[in-house]
Amino acid sequence: MGDKAELGWITAWRWTHDNVLMPRMLDVQVDRSGRVSQIDVTLGPTRAKLPEVKLDAGQAEKEANKAVAAELRANGNAGAAFHTKAVTVKAVQQDGSWQPNWLVNVEWPSDGKGDASQEAGAVDMYRVNAVTGQVYDSDGKRLTTS
């Protein structure tokens, strides 16, 4: 909430089931005077019957890499640099059922101004279905790998 908590503090609750992040969340922001200033509630199940996860983090990153590279080629940016990092598996509702999806950060390089090792680039959150390997961009659009 800032280097010296200028805006206050935030407490976040997350639910997991069988090491999968569930889609139920509660965030409470408290201002510097100790009053609750914001509450963000996402209602979803705390448990869901999910298909067995078949892809590990490395395989999810590989699928994301292929899909992002294909999108870049299609947009004429074949040489653009990016880096992927699988973060966690989250339950996501897809086609009427809950599916385990890897959340994969796709980090784009900084704009080239300043020291690249000190300057973070933009980050988008992609999803990779942990059963099928299907990749979805940060807007939820299904991507192809060819």
# chains A, B, ... in the order shown; residues from 1 in each chain; ligands from 1
>>> closest_atom_pairs(of="stretch 78-116 of chain A", to="stretch 22-38 of chain A", cutoff="8 Å", atoms="only C-alpha atoms", output="JSON lines")
{"residue": "A:Lys90", "atom": "CA", "partner": "A:Met22", "partner_atom": "CA", "distance": 5.9}
{"residue": "A:Ala91", "atom": "CA", "partner": "A:Met22", "partner_atom": "CA", "distance": 5.4}
{"residue": "A:Val92", "atom": "CA", "partner": "A:Pro23", "partner_atom": "CA", "distance": 7.1}
>>> write_last_selection(atoms="C-alpha atoms", output="PDB file, in the first residue's frame")
ATOM      1  CA  LYS A  90      -6.286 -22.019  -9.898  1.00  0.00           C
ATOM      2  CA  ALA A  91      -9.791 -23.409 -10.418  1.00  0.00           C
ATOM      3  CA  VAL A  92     -11.376 -21.595 -13.388  1.00  0.00           C
TER       4      VAL A  92
END
>>> closest_atom_pairs(of="stretch 24-81 of chain A", to="stretch 122-132 of chain A", cutoff="10 Å", atoms="only C-alpha atoms", output="JSON lines")
{"residue": "A:Leu50", "atom": "CA", "partner": "A:Val131", "partner_atom": "CA", "distance": 9.8}
{"residue": "A:Pro51", "atom": "CA", "partner": "A:Val131", "partner_atom": "CA", "distance": 7.2}
{"residue": "A:Glu52", "atom": "CA", "partner": "A:Val131", "partner_atom": "CA", "distance": 7.0}
{"residue": "A:Val53", "atom": "CA", "partner": "A:Ala130", "partner_atom": "CA", "distance": 5.3}
{"residue": "A:Lys54", "atom": "CA", "partner": "A:Val131", "partner_atom": "CA", "distance": 5.0}
{"residue": "A:Leu55", "atom": "CA", "partner": "A:Ala130", "partner_atom": "CA", "distance": 5.1}
{"residue": "A:Asp56", "atom": "CA", "partner": "A:Ala130", "partner_atom": "CA", "distance": 7.6}
{"residue": "A:Ala57", "atom": "CA", "partner": "A:Ala130", "partner_atom": "CA", "distance": 9.0}
{"residue": "A:Gln59", "atom": "CA", "partner": "A:Ala130", "partner_atom": "CA", "distance": 9.0}
{"residue": "A:Ala60", "atom": "CA", "partner": "A:Val128", "partner_atom": "CA", "distance": 6.0}
{"residue": "A:Glu61", "atom": "CA", "partner": "A:Val128", "partner_atom": "CA", "distance": 8.3}
{"residue": "A:Lys62", "atom": "CA", "partner": "A:Val128", "partner_atom": "CA", "distance": 9.9}
{"residue": "A:Glu63", "atom": "CA", "partner": "A:Val128", "partner_atom": "CA", "distance": 7.3}
{"residue": "A:Ala64", "atom": "CA", "partner": "A:Val128", "partner_atom": "CA", "distance": 6.9}
{"residue": "A:Ala67", "atom": "CA", "partner": "A:Val128", "partner_atom": "CA", "distance": 10.0}
{"residue": "A:Val68", "atom": "CA", "partner": "A:Tyr126", "partner_atom": "CA", "distance": 9.5}
>>> atom_distance(atom1="atom CA of A:Arg47", atom2="atom CA of A:His17")
5.8 Å
>>> select_by_dssp(residues="chain A", states="alpha helix (DSSP H)", output="ChimeraX atom specification")
/A:57-74
>>> atom_distance(atom1="atom CA of A:Gly133", atom2="atom CA of A:Ala80")
22.9 Å
>>> atom_distance(atom1="atom CA of A:Ala12", atom2="atom CA of A:Gln99")
23.3 Å
>>> residues_around(residues="stretch 69-73 of chain A", least_positions_apart="4", cutoff="12 Å", atoms="only C-alpha atoms", output="ChimeraX atom specification")
/A:61-65,77-84,106,108,135-137,141-146
>>> select_by_dssp(residues="chain A", states="strand (DSSP E or B)", output="ChimeraX atom specification")
/A:9-17,20-30,36-42,83-94,97-107,123-129,135-136,142-143
>>> decode(residues="stretch 94-109 of chain A", atoms="N, CA and C atoms", output="tab-separated table (two decimals), in the first residue's frame")
chain	number	residue	atom	x	y	z
A	94	GLN	N	-14.73	-23.07	-16.98
A	94	GLN	CA	-14.59	-23.11	-18.42
A	94	GLN	C	-15.64	-24.06	-19.00
A	95	ASP	N	-16.40	-23.58	-19.95
A	95	ASP	CA	-17.40	-24.40	-20.63
A	95	ASP	C	-18.32	-25.13	-19.64
A	96	GLY	N	-18.72	-24.42	-18.59
A	96	GLY	CA	-19.69	-24.96	-17.65
A	96	GLY	C	-19.14	-25.87	-16.56
A	97	SER	N	-17.84	-26.07	-16.51
A	97	SER	CA	-17.27	-26.89	-15.44
A	97	SER	C	-16.00	-26.24	-14.91
A	98	TRP	N	-15.61	-26.63	-13.71
A	98	TRP	CA	-14.39	-26.10	-13.11
A	98	TRP	C	-13.19	-26.89	-13.62
A	99	GLN	N	-12.17	-26.15	-14.05
A	99	GLN	CA	-10.96	-26.76	-14.60
A	99	GLN	C	-9.74	-26.19	-13.88
A	100	PRO	N	-8.71	-27.02	-13.65
A	100	PRO	CA	-7.47	-26.49	-13.08
A	100	PRO	C	-6.68	-25.77	-14.17
A	101	ASN	N	-6.27	-24.55	-13.91
A	101	ASN	CA	-5.48	-23.76	-14.86
A	101	ASN	C	-4.24	-23.24	-14.17
A	102	TRP	N	-3.10	-23.37	-14.82
A	102	TRP	CA	-1.89	-22.73	-14.34
A	102	TRP	C	-2.01	-21.23	-14.62
A	103	LEU	N	-1.72	-20.40	-13.63
A	103	LEU	CA	-1.59	-18.97	-13.86
A	103	LEU	C	-0.13	-18.74	-14.22
A	104	VAL	N	0.10	-18.15	-15.39
A	104	VAL	CA	1.46	-17.97	-15.90
A	104	VAL	C	1.69	-16.49	-16.15
A	105	ASN	N	2.66	-15.92	-15.46
A	105	ASN	CA	3.05	-14.54	-15.72
A	105	ASN	C	3.86	-14.49	-17.00
A	106	VAL	N	3.49	-13.57	-17.90
A	106	VAL	CA	4.28	-13.32	-19.10
A	106	VAL	C	4.83	-11.91	-18.93
A	107	GLU	N	6.15	-11.83	-18.76
A	107	GLU	CA	6.79	-10.54	-18.54
A	107	GLU	C	7.44	-10.07	-19.84
A	108	TRP	N	7.11	-8.83	-20.17
A	108	TRP	CA	7.64	-8.21	-21.37
A	108	TRP	C	8.80	-7.32	-20.94
A	109	PRO	N	9.82	-7.17	-21.78
A	109	PRO	CA	10.97	-6.35	-21.38
A	109	PRO	C	10.57	-4.89	-21.17
